[in-house]
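Chemist: The structure file work.pdb (PDB, C-alpha atoms and all ligand atoms) is provided below.
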ATOM      1  CA  MET A   1      19.982 111.852 -39.410
ATOM      2  CA  GLU A   2      18.527 115.388 -39.318
ATOM      3  CA  GLU A   3      19.319 117.764 -42.172
ATOM      4  CA  ASP A   4      20.698 121.244 -41.860
ATOM      5  CA  ASN A   5      20.118 124.029 -44.406
ATOM      6  CA  SER A   6      22.631 126.496 -42.935
ATOM      7  CA  LYS A   7      24.736 128.467 -45.419
ATOM      8  CA  PHE A   8      28.343 129.439 -44.941
ATOM      9  CA  GLU A   9      31.456 129.885 -47.049
ATOM     10  CA  ILE A  10      35.168 129.289 -46.671
ATOM     11  CA  ILE A  11      37.932 130.877 -48.739
ATOM     12  CA  LEU A  12      40.323 128.032 -49.543
ATOM     13  CA  PRO A  13      44.120 128.608 -49.730
ATOM     14  CA  ASP A  14      44.033 128.488 -53.527
ATOM     15  CA  GLY A  15      41.501 131.370 -53.564
ATOM     16  CA  LYS A  16      38.490 129.210 -54.442
ATOM     17  CA  VAL A  17      35.366 129.777 -52.388
ATOM     18  CA  TYR A  18      33.672 126.803 -50.841
ATOM     19  CA  ARG A  19      29.956 127.395 -50.232
ATOM     20  CA  SER A  20      27.705 125.139 -48.293
ATOM     21  CA  ASP A  21      24.464 125.859 -50.086
ATOM     22  CA  LYS A  22      23.120 122.368 -50.394
ATOM     23  CA  LYS A  23      21.546 120.230 -47.724
ATOM     24  CA  GLU A  24      24.159 118.445 -45.640
ATOM     25  CA  LYS A  25      23.971 115.935 -42.813
ATOM     26  CA  LYS A  26      23.654 117.683 -39.483
ATOM     27  CA  ASN A  27      26.798 119.688 -38.670
ATOM     28  CA  ILE A  28      28.996 117.633 -41.026
ATOM     29  CA  HIS A  29      30.489 119.454 -44.010
ATOM     30  CA  THR A  30      32.827 118.166 -46.670
ATOM     31  CA  ILE A  31      35.581 119.930 -48.579
ATOM     32  CA  GLN A  32      38.144 118.551 -50.960
ATOM     33  CA  GLY A  33      41.639 118.141 -49.571
ATOM     34  CA  TYR A  34      44.704 116.203 -50.701
ATOM     35  CA  THR A  35      46.701 113.252 -49.410
ATOM     36  CA  PRO A  36      50.466 113.779 -48.769
ATOM     37  CA  ASP A  37      51.159 112.310 -52.251
ATOM     38  CA  GLY A  38      48.841 114.838 -53.896
ATOM     39  CA  LYS A  39      45.746 112.702 -54.546
ATOM     40  CA  PRO A  40      42.375 114.427 -53.976
ATOM     41  CA  LYS A  41      40.613 113.320 -50.813
ATOM     42  CA  ASN A  42      37.412 114.581 -49.248
ATOM     43  CA  MET A  43      37.774 115.956 -45.734
ATOM     44  CA  GLN A  44      34.919 116.253 -43.298
ATOM     45  CA  PHE A  45      34.641 118.776 -40.500
ATOM     46  CA  ALA A  46      31.992 119.681 -37.983
ATOM     47  CA  ALA A  47      30.556 123.160 -37.508
ATOM     48  CA  LYS A  48      28.756 123.348 -34.176
ATOM     49  CA  LYS A  49      25.783 125.619 -33.771
ATOM     50  CA  ASN A  50      24.651 124.450 -30.395
ATOM     51  CA  CYS A  51      25.780 122.335 -27.505
ATOM     52  CA  ASP A  52      25.961 118.651 -28.435
ATOM     53  CA  ARG A  53      27.139 117.730 -24.930
ATOM     54  CA  CYS A  54      30.536 116.530 -26.132
ATOM     55  CA  GLY A  55      31.967 117.325 -22.687
ATOM     56  CA  GLU A  56      35.120 118.998 -23.983
ATOM     57  CA  CYS A  57      34.580 122.108 -21.839
ATOM     58  CA  CYS A  58      33.670 119.935 -18.814
ATOM     59  CA  ARG A  59      37.029 118.153 -19.025
ATOM     60  CA  ARG A  60      38.930 121.434 -19.280
ATOM     61  CA  ASP A  61      37.577 123.427 -16.332
ATOM     62  CA  THR A  62      34.773 123.658 -13.790
ATOM     63  CA  PRO A  63      32.134 126.406 -13.700
ATOM     64  CA  ILE A  64      32.175 129.490 -11.508
ATOM     65  CA  ILE A  65      29.020 129.625  -9.397
ATOM     66  CA  LEU A  66      26.969 132.795  -9.814
ATOM     67  CA  LYS A  67      24.248 134.324  -7.658
ATOM     68  CA  ASP A  68      21.765 133.027 -10.261
ATOM     69  CA  ASP A  69      22.747 129.496  -9.229
ATOM     70  CA  MET A  70      21.602 129.903  -5.639
ATOM     71  CA  SER A  71      18.419 127.917  -6.454
ATOM     72  CA  LEU A  72      20.588 124.914  -7.440
ATOM     73  CA  LEU A  73      22.084 124.938  -3.952
ATOM     74  CA  ILE A  74      18.709 125.360  -2.279
ATOM     75  CA  GLU A  75      17.227 122.495  -4.328
ATOM     76  CA  GLY A  76      20.233 120.309  -3.500
ATOM     77  CA  VAL A  77      21.306 119.860  -7.153
ATOM     78  CA  ILE A  78      24.740 121.049  -6.023
ATOM     79  CA  SER A  79      25.842 120.517  -2.438
ATOM     80  CA  GLU A  80      28.342 122.468  -0.333
ATOM     81  CA  SER A  81      30.791 119.566  -0.500
ATOM     82  CA  GLU A  82      30.844 119.792  -4.316
ATOM     83  CA  LEU A  83      32.108 123.363  -4.249
ATOM     84  CA  TYR A  84      35.330 125.064  -3.305
ATOM     85  CA  THR A  85      36.457 128.632  -2.888
ATOM     86  CA  ILE A  86      39.292 130.312  -4.724
ATOM     87  CA  ARG A  87      40.442 133.162  -2.515
ATOM     88  CA  GLU A  88      41.470 136.610  -3.669
ATOM     89  CA  GLY A  89      45.167 136.616  -4.565
ATOM     90  CA  GLU A  90      45.380 132.841  -5.127
ATOM     91  CA  LYS A  91      47.848 131.678  -7.730
ATOM     92  CA  LEU A  92      46.243 129.543 -10.420
ATOM     93  CA  ARG A  93      47.381 127.814 -13.536
ATOM     94  CA  SER A  94      45.220 128.082 -16.642
ATOM     95  CA  SER A  95      44.119 124.723 -18.033
ATOM     96  CA  ILE A  96      43.951 126.364 -21.478
ATOM     97  CA  ASP A  97      47.392 127.924 -21.966
ATOM     98  CA  GLY A  98      49.231 126.722 -18.845
ATOM     99  CA  ASP A  99      50.029 130.296 -17.784
ATOM    100  CA  SER A 100      49.937 131.285 -14.099
ATOM    101  CA  TYR A 101      47.908 134.179 -12.819
ATOM    102  CA  TYR A 102      46.594 135.529  -9.537
ATOM    103  CA  CYS A 103      42.853 135.562  -8.939
ATOM    104  CA  SER A 104      41.663 139.156  -8.515
ATOM    105  CA  MET A 105      38.543 138.308  -6.506
ATOM    106  CA  GLU A 106      37.044 135.531  -4.447
ATOM    107  CA  ILE A 107      35.078 133.035  -6.531
ATOM    108  CA  ILE A 108      33.302 129.776  -5.801
ATOM    109  CA  LYS A 109      33.588 126.936  -8.288
ATOM    110  CA  VAL A 110      32.449 123.345  -8.722
ATOM    111  CA  ARG A 111      35.233 121.042  -7.541
ATOM    112  CA  PRO A 112      37.215 119.127 -10.153
ATOM    113  CA  ILE A 113      37.664 115.363 -10.037
ATOM    114  CA  PHE A 114      40.760 114.794  -7.895
ATOM    115  CA  GLY A 115      44.006 115.192  -9.820
ATOM    116  CA  SER A 116      42.354 116.611 -12.950
ATOM    117  CA  PHE A 117      40.656 119.716 -14.314
ATOM    118  CA  THR A 118      37.452 117.725 -15.062
ATOM    119  CA  CYS A 119      34.195 118.872 -13.502
ATOM    120  CA  LEU A 120      32.874 116.643 -10.724
ATOM    121  CA  PHE A 121      29.532 116.402 -12.530
ATOM    122  CA  TYR A 122      31.039 115.032 -15.727
ATOM    123  CA  ASP A 123      30.642 111.340 -16.417
ATOM    124  CA  PRO A 124      32.588 109.883 -19.363
ATOM    125  CA  LEU A 125      29.584 107.812 -20.521
ATOM    126  CA  GLU A 126      26.692 110.039 -19.575
ATOM    127  CA  GLY A 127      28.253 113.509 -20.012
ATOM    128  CA  CYS A 128      26.990 116.174 -17.618
ATOM    129  CA  THR A 129      24.951 114.455 -14.920
ATOM    130  CA  ILE A 130      23.053 117.663 -14.073
ATOM    131  CA  TYR A 131      22.695 118.991 -17.624
ATOM    132  CA  GLU A 132      19.111 120.214 -17.305
ATOM    133  CA  LYS A 133      20.055 122.023 -14.114
ATOM    134  CA  ARG A 134      23.653 122.914 -14.875
ATOM    135  CA  PRO A 135      25.062 126.201 -13.520
ATOM    136  CA  SER A 136      24.428 129.377 -15.479
ATOM    137  CA  ALA A 137      28.098 129.738 -16.495
ATOM    138  CA  CYS A 138      27.748 126.399 -18.356
ATOM    139  CA  ARG A 139      24.511 127.553 -19.993
ATOM    140  CA  GLN A 140      26.121 130.795 -21.133
ATOM    141  CA  PHE A 141      29.244 129.135 -22.515
ATOM    142  CA  GLU A 142      29.013 128.679 -26.284
ATOM    143  CA  CYS A 143      32.090 126.951 -27.648
ATOM    144  CA  TRP A 144      30.976 127.698 -31.230
ATOM    145  CA  THR A 145      31.112 131.464 -30.715
ATOM    146  CA  GLN A 146      33.688 133.706 -29.092
ATOM    147  CA  ASN A 147      31.419 134.062 -26.044
ATOM    148  CA  TYR A 148      33.930 132.724 -23.505
ATOM    149  CA  GLU A 149      33.687 135.374 -20.819
ATOM    150  CA  ILE A 150      31.167 136.148 -18.135
ATOM    151  CA  THR A 151      30.773 139.918 -18.140
ATOM    152  CA  GLY A 152      30.307 141.746 -14.844
ATOM    153  CA  LEU A 153      31.647 138.798 -12.833
ATOM    154  CA  GLU A 154      32.400 141.018  -9.829
ATOM    155  CA  GLY A 155      28.673 141.614  -9.272
ATOM    156  CA  LYS A 156      27.361 138.256 -10.527
ATOM    157  CA  ARG A 157      29.645 135.836  -8.656
ATOM    158  CA  LEU A 158      28.415 134.021  -5.579
ATOM    159  CA  THR A 159      30.606 134.565  -2.518
ATOM    160  CA  ARG A 160      30.911 133.040   0.943
ATOM    161  CA  LYS A 161      29.227 136.177   2.270
ATOM    162  CA  ASP A 162      26.159 135.400   0.120
ATOM    163  CA  LEU A 163      26.060 131.882   1.496
ATOM    164  CA  PHE A 164      26.983 132.374   5.130
ATOM    165  CA  GLY A 165      26.610 136.137   5.679
ATOM    166  CA  GLU A 166      24.148 135.742   8.522
ATOM    167  CA  ILE A 167      26.224 133.287  10.547
ATOM    168  CA  GLU A 168      28.268 135.368  12.941
ATOM    169  CA  ILE A 169      30.828 132.744  13.957
ATOM    170  CA  LEU A 170      31.651 132.029  10.309
ATOM    171  CA  ASN A 171      32.059 135.697   9.463
ATOM    172  CA  GLU A 172      34.455 136.073  12.360
ATOM    173  CA  VAL A 173      36.447 132.969  11.429
ATOM    174  CA  PHE A 174      36.691 133.931   7.730
ATOM    175  CA  LYS A 175      37.913 137.396   8.699
ATOM    176  CA  ARG A 176      40.533 135.957  11.031
ATOM    177  CA  HIS A 177      41.626 133.495   8.371
ATOM    178  CA  GLU A 178      42.046 136.297   5.814
ATOM    179  CA  ASP A 179      44.028 138.402   8.316
ATOM    180  CA  LYS A 180      46.424 135.630   9.254
ATOM    181  CA  CYS A 181      46.572 133.668   6.001
ATOM    182  CA  SER A 182      46.160 136.351   3.344
ATOM    183  CA  LEU A 183      47.334 135.028  -0.001
ATOM    184  CA  TYR A 184      48.890 138.389  -0.839
ATOM    185  CA  LYS A 185      51.092 138.013   2.270
ATOM    186  CA  PHE A 186      51.813 134.378   1.389
ATOM    187  CA  ASN A 187      52.839 135.384  -2.150
ATOM    188  CA  ASP A 188      55.149 138.149  -0.879
ATOM    189  CA  LEU A 189      56.805 135.946   1.736
ATOM    190  CA  ILE A 190      57.585 133.311  -0.885
ATOM    191  CA  GLU A 191      58.890 135.850  -3.389
ATOM    192  CA  ASP A 192      61.232 137.296  -0.745
ATOM    193  CA  LEU A 193      62.310 133.824   0.361
ATOM    194  CA  LYS A 194      63.299 133.068  -3.218
ATOM    195  CA  LYS A 195      65.388 136.234  -3.170
ATOM    196  CA  GLY A 196      67.248 134.927  -0.112
ATOM    197  CA  LYS A 197      65.231 136.143   2.902
ATOM    198  CA  GLU A 198      65.517 132.905   4.818
ATOM    199  CA  ASP A 199      63.750 134.234   7.928
ATOM    200  CA  ASN A 200      60.548 133.907   5.923
ATOM    201  CA  VAL A 201      60.635 130.113   6.235
ATOM    202  CA  SER A 202      59.340 130.279   9.810
ATOM    203  CA  LYS A 203      56.668 132.860   8.867
ATOM    204  CA  ILE A 204      55.459 130.668   6.013
ATOM    205  CA  ALA A 205      55.384 127.601   8.274
ATOM    206  CA  GLU A 206      53.429 129.594  10.862
ATOM    207  CA  MET A 207      50.823 130.573   8.253
ATOM    208  CA  ILE A 208      50.487 127.021   6.994
ATOM    209  CA  LEU A 209      49.990 125.722  10.530
ATOM    210  CA  TYR A 210      47.496 128.448  11.423
ATOM    211  CA  ASP A 211      45.484 127.659   8.278
ATOM    212  CA  LEU A 212      45.298 123.957   9.209
ATOM    213  CA  THR A 213      44.595 124.609  12.890
ATOM    214  CA  LEU A 214      41.741 127.026  12.245
ATOM    215  CA  ARG A 215      40.071 124.488   9.941
ATOM    216  CA  ASP A 216      40.344 121.767  12.592
ATOM    217  CA  TRP A 217      38.994 124.130  15.249
ATOM    218  CA  LEU A 218      35.922 125.085  13.190
ATOM    219  CA  LYS A 219      35.342 121.517  12.094
ATOM    220  CA  GLU A 220      35.188 120.391  15.718
ATOM    221  CA  LYS A 221      33.211 123.410  16.925
ATOM    222  CA  LEU A 222      30.439 123.030  14.307
ATOM    223  CA  THR A 223      30.797 119.269  13.736
ATOM    224  CA  LEU A 224      31.584 119.738  10.073
ATOM    225  CA  SER A 225      32.758 117.137   7.583
ATOM    226  CA  ASP A 226      36.122 117.525   5.856
ATOM    227  CA  GLU A 227      34.317 117.853   2.500
ATOM    228  CA  VAL A 228      32.888 121.310   3.239
ATOM    229  CA  LEU A 229      36.192 122.856   4.358
ATOM    230  CA  PRO A 230      37.361 123.741   0.801
ATOM    231  CA  LEU A 231      34.208 125.861   0.433
ATOM    232  CA  PHE A 232      34.659 127.493   3.832
ATOM    233  CA  PHE A 233      38.391 128.215   3.588
ATOM    234  CA  GLY A 234      39.515 127.454   0.029
ATOM    235  CA  ARG A 235      42.394 125.105  -0.594
ATOM    236  CA  THR A 236      44.931 124.770   2.225
ATOM    237  CA  LEU A 237      48.184 126.702   1.992
ATOM    238  CA  PHE A 238      49.856 123.302   2.315
ATOM    239  CA  GLU A 239      48.058 122.155  -0.863
ATOM    240  CA  ILE A 240      48.768 125.225  -2.948
ATOM    241  CA  ALA A 241      52.400 125.708  -1.874
ATOM    242  CA  PRO A 242      53.760 123.569  -4.762
ATOM    243  CA  PHE A 243      52.200 126.011  -7.282
ATOM    244  CA  TYR A 244      54.530 128.610  -5.756
ATOM    245  CA  GLY A 245      57.568 126.381  -6.075
ATOM    246  CA  LEU A 246      57.666 125.232  -2.458
ATOM    247  CA  ILE A 247      58.230 121.660  -1.381
ATOM    248  CA  ILE A 248      56.851 121.005   2.096
ATOM    249  CA  GLU A 249      57.586 117.792   3.887
ATOM    250  CA  LYS A 250      56.325 116.857   7.316
ATOM    251  CA  GLU A 251      58.890 115.279   9.604
ATOM    252  CA  ASP A 252      57.252 114.232  12.904
ATOM    253  CA  GLU A 253      55.637 117.428  14.154
ATOM    254  CA  ASN A 254      57.815 119.709  12.027
ATOM    255  CA  PHE A 255      57.533 121.056   8.511
ATOM    256  CA  VAL A 256      60.583 121.151   6.283
ATOM    257  CA  ILE A 257      60.217 123.796   3.573
ATOM    258  CA  LYS A 258      62.391 123.780   0.475
ATOM    259  CA  ILE A 259      62.334 125.772  -2.728
ATOM    260  CA  SER A 260      62.016 123.575  -5.801
ATOM    261  CA  GLN A 261      63.778 124.480  -9.020
ATOM    262  CA  GLU A 262      60.544 124.175 -10.968
ATOM    263  CA  GLU A 263      57.036 125.210 -10.038
ATOM    264  CA  GLU A 264      54.515 122.362 -10.100
ATOM    265  CA  GLU A 265      52.284 121.956 -13.174
TER
HETATM  266  S1  LIG A 301      29.528 123.854 -24.855
HETATM  267 FE1  LIG A 301      30.952 122.322 -24.037
HETATM  268  S2  LIG A 301      29.762 120.401 -23.957
HETATM  269 FE2  LIG A 301      28.645 121.837 -25.291
HETATM  270  S3  LIG A 301      29.386 121.345 -27.352
HETATM  271 FE3  LIG A 301      30.657 123.017 -26.579
HETATM  272  S4  LIG A 301      32.468 122.019 -25.676
HETATM  273 FE4  LIG A 301      30.859 120.442 -25.925
HETATM  274  S1  LIG A 302      28.195 121.307 -14.556
HETATM  275 FE1  LIG A 302      27.848 119.924 -16.266
HETATM  276  S2  LIG A 302      27.988 121.224 -18.095
HETATM  277 FE2  LIG A 302      28.932 122.353 -16.419
HETATM  278  S3  LIG A 302      31.131 121.843 -16.544
HETATM  279 FE3  LIG A 302      30.171 120.433 -15.089
HETATM  280  S4  LIG A 302      29.691 118.617 -16.288
HETATM  281 FE4  LIG A 302      30.001 120.314 -17.737
END
Can you turn what I pasted into structure tokens?
Ligand code: SF4
Ligand code: SF4
Modeler:
Amino acid sequence: MEEDNSKFEIILPDGKVYRSDKKEKKNIHTIQGYTPDGKPKNMQFAAKKNCDRCGECCRRDTPIILKDDMSLLIEGVISESELYTIREGEKLRSSIDGDSYYCSMEIIKVRPIFGSFTCLFYDPLEGCTIYEKRPSACRQFECWTQNYEITGLEGKRLTRKDLFGEIEILNEVFKRHEDKCSLYKFNDLIEDLKKGKEDNVSKIAEMILYDLTLRDWLKEKLTLSDEVLPLFFGRTLFEIAPFYGLIIEKEDENFVIKISQEEEE
């Protein structure tokens, strides 16, 4: 195993200073601890200094795609069907602390494996399957430092306009979708419904139907596969409704909308 000459020190609870000033096995350091019955026992811990491809971050979230990553799309490392859009105003739940927040701008991300937060490119045996060509957000992320944020995201993020800006029909459809299915409107309607404004049920149902219908229309018009629709339109309102505490059931051609007592995790 490689050796590491790095020096660091830890102040232990009893005031003693532990210094790593001798050669240790790569990243593994030892300090003396105690068993529950008070007997001395050596404890080992790892101090990372670079990415060892453990995959912890890949299982927790998926990367935001930046303009710098455009070459990965052009080269086909990442395809349109492996991405999805999070629209401005969309309610999200943090995989780190479980808190909910609303996304302040449109972003495009790698899709997670269905039913999890894990990145689509993560393989339990192999780790990241595109590691040498992973997106720049993954390259910038250093779990061993406090460098968790991408600064200047507003200017750096890739948007649908960057990808499809020249295609007139798409611009028109995206604009119409935003007008009719704005997430700010969706949020407000649900908030007011929870306060007792029952008329909003039909408005919410109308939005959900419009969202689904427009997708079907574009899919047929441009002969698209279902897989690219999350990039074109983001997640359906039908899909995200449970995050807002709505239960939607389809009975024949009708939707039945109910408010759940608890918002979905
Ligand atoms: S950056 Fe991610 S994959 Fe690399 S060591 Fe840290 S947690 Fe593991
Ligand atoms: S692209 Fe690779 S490094 Fe980045 S989150 Fe996905 S699996 Fe991890």
Chemist: Which polymer residues, whether protein, DNA or RNA, lie within 6 Å of the coordinate (37.8, 122.7, 9.2) when you count only C-alpha atoms? List them as a ChimeraX atom specification, using the chain letters and numbers from the file.
Modeler: /A:215-216,218-219,229
Chemist: Can you give me, as a ChimeraX atom specification, the residues this file yields under the PyMOL selection byres (((chain A and resi 245) around 6) and not hetatm)?
Modeler: /A:242-244,246,259-260,263
Chemist: Residues near Trp217 in chain A, anyone? I mean within 12 Å using only C-alpha atoms, not counting same-chain ones fewer than 6 positions away, as a list in words.
Modeler: Ile169, Leu170, Val173, His177, Tyr210, Asp211, Thr223, Leu224, Asp226 and Leu229 of chain A
Chemist: What does the list of residues within 7 Å of ligand LIG 301 (chain A) look like if you count all atoms listed in the file, written as a list in words?
Modeler: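 Using all atoms listed in the file, everything at most 7 Å from ligand LIG 301 (chain A) comes to Asn50, Cys51, Asp52, Arg53, Cys54, Gly55, Glu56, Cys57, Cys58, Phe141, Glu142, Cys143 and Trp144 of chain A.
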Chemist: Please extract the residues at most 7 Å from ligand LIG 302 (chain A), counting all atoms listed in the file, and provide them as JSON, numbers by chain, using the chain letters and residue numbers of this document.
Modeler: {"A": [55, 57, 58, 61, 62, 63, 119, 120, 121, 122, 127, 128, 129, 130, 131, 134, 135, 138]}
Chemist: What is the distance between CA of Lys161 in chain A and CA of Glu239 in chain A, in Å to one decimal?
Modeler: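 Value for the CA of Lys161 in chain A-CA of Glu239 in chain A distance: 23.7 Å.
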Chemist: Please compute the CA of Gly155 in chain A-CA of Gly89 in chain A distance, one decimal, in Å.
Modeler: 17.9 Å
Chemist: For the structure just given, write the atoms of range 42-98 of chain A, namely C-alpha atoms, as a short mmCIF file (atom, residue, chain, number, x, y, z; two decimals), in the first residue's frame.
Modeler:
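part34.cif, freshly written:
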data_model
loop_
_atom_site.label_atom_id
_atom_site.label_comp_id
_atom_site.auth_asym_id
_atom_site.auth_seq_id
_atom_site.Cartn_x
_atom_site.Cartn_y
_atom_site.Cartn_z
CA ASN A 42 -6.88 1.73 18.91
CA MET A 43 -9.36 3.38 16.56
CA GLN A 44 -8.73 3.90 12.89
CA PHE A 45 -10.21 6.64 10.75
CA ALA A 46 -9.77 7.78 7.19
CA ALA A 47 -8.83 11.30 6.14
CA LYS A 48 -9.58 11.77 2.45
CA LYS A 49 -7.48 14.11 0.39
CA ASN A 50 -8.83 13.22 -3.00
CA CYS A 51 -11.64 11.33 -4.61
CA ASP A 52 -11.34 7.58 -4.04
CA ARG A 53 -14.53 6.93 -6.01
CA CYS A 54 -16.41 5.60 -2.99
CA GLY A 55 -19.68 6.65 -4.64
CA GLU A 56 -21.19 8.18 -1.51
CA CYS A 57 -22.02 11.46 -3.27
CA CYS A 58 -23.37 9.54 -6.31
CA ARG A 59 -25.87 7.71 -4.11
CA ARG A 60 -27.02 10.94 -2.47
CA ASP A 61 -27.80 13.18 -5.45
CA THR A 62 -27.28 13.64 -9.17
CA PRO A 63 -25.20 16.42 -10.76
CA ILE A 64 -26.51 19.67 -12.19
CA ILE A 65 -25.45 20.01 -15.82
CA LEU A 66 -23.48 23.16 -16.61
CA LYS A 67 -22.72 24.88 -19.90
CA ASP A 68 -19.21 23.41 -19.60
CA ASP A 69 -20.77 19.96 -20.00
CA MET A 70 -22.19 20.67 -23.44
CA SER A 71 -19.31 18.66 -25.01
CA LEU A 72 -20.46 15.56 -23.07
CA LEU A 73 -23.85 15.85 -24.76
CA ILE A 74 -22.33 16.44 -28.18
CA GLU A 75 -20.00 13.44 -27.77
CA GLY A 76 -22.92 11.29 -26.61
CA VAL A 77 -21.41 10.54 -23.17
CA ILE A 78 -24.72 11.78 -21.73
CA SER A 79 -27.89 11.52 -23.79
CA GLU A 80 -31.07 13.60 -23.65
CA SER A 81 -32.96 10.67 -22.14
CA GLU A 82 -30.53 10.59 -19.19
CA LEU A 83 -31.39 14.14 -18.18
CA TYR A 84 -34.39 15.87 -16.71
CA THR A 85 -35.37 19.45 -16.05
CA ILE A 86 -36.28 20.94 -12.71
CA ARG A 87 -38.46 23.95 -13.46
CA GLU A 88 -38.36 27.28 -11.68
CA GLY A 89 -40.61 27.17 -8.62
CA GLU A 90 -40.57 23.36 -8.31
CA LYS A 91 -40.83 21.97 -4.82
CA LEU A 92 -37.97 19.64 -3.95
CA ARG A 93 -36.91 17.66 -0.96
CA SER A 94 -33.25 17.70 0.03
CA SER A 95 -31.65 14.25 0.15
CA ILE A 96 -29.24 15.62 2.78
CA ASP A 97 -31.49 17.09 5.48
CA GLY A 98 -34.96 16.12 4.20
#
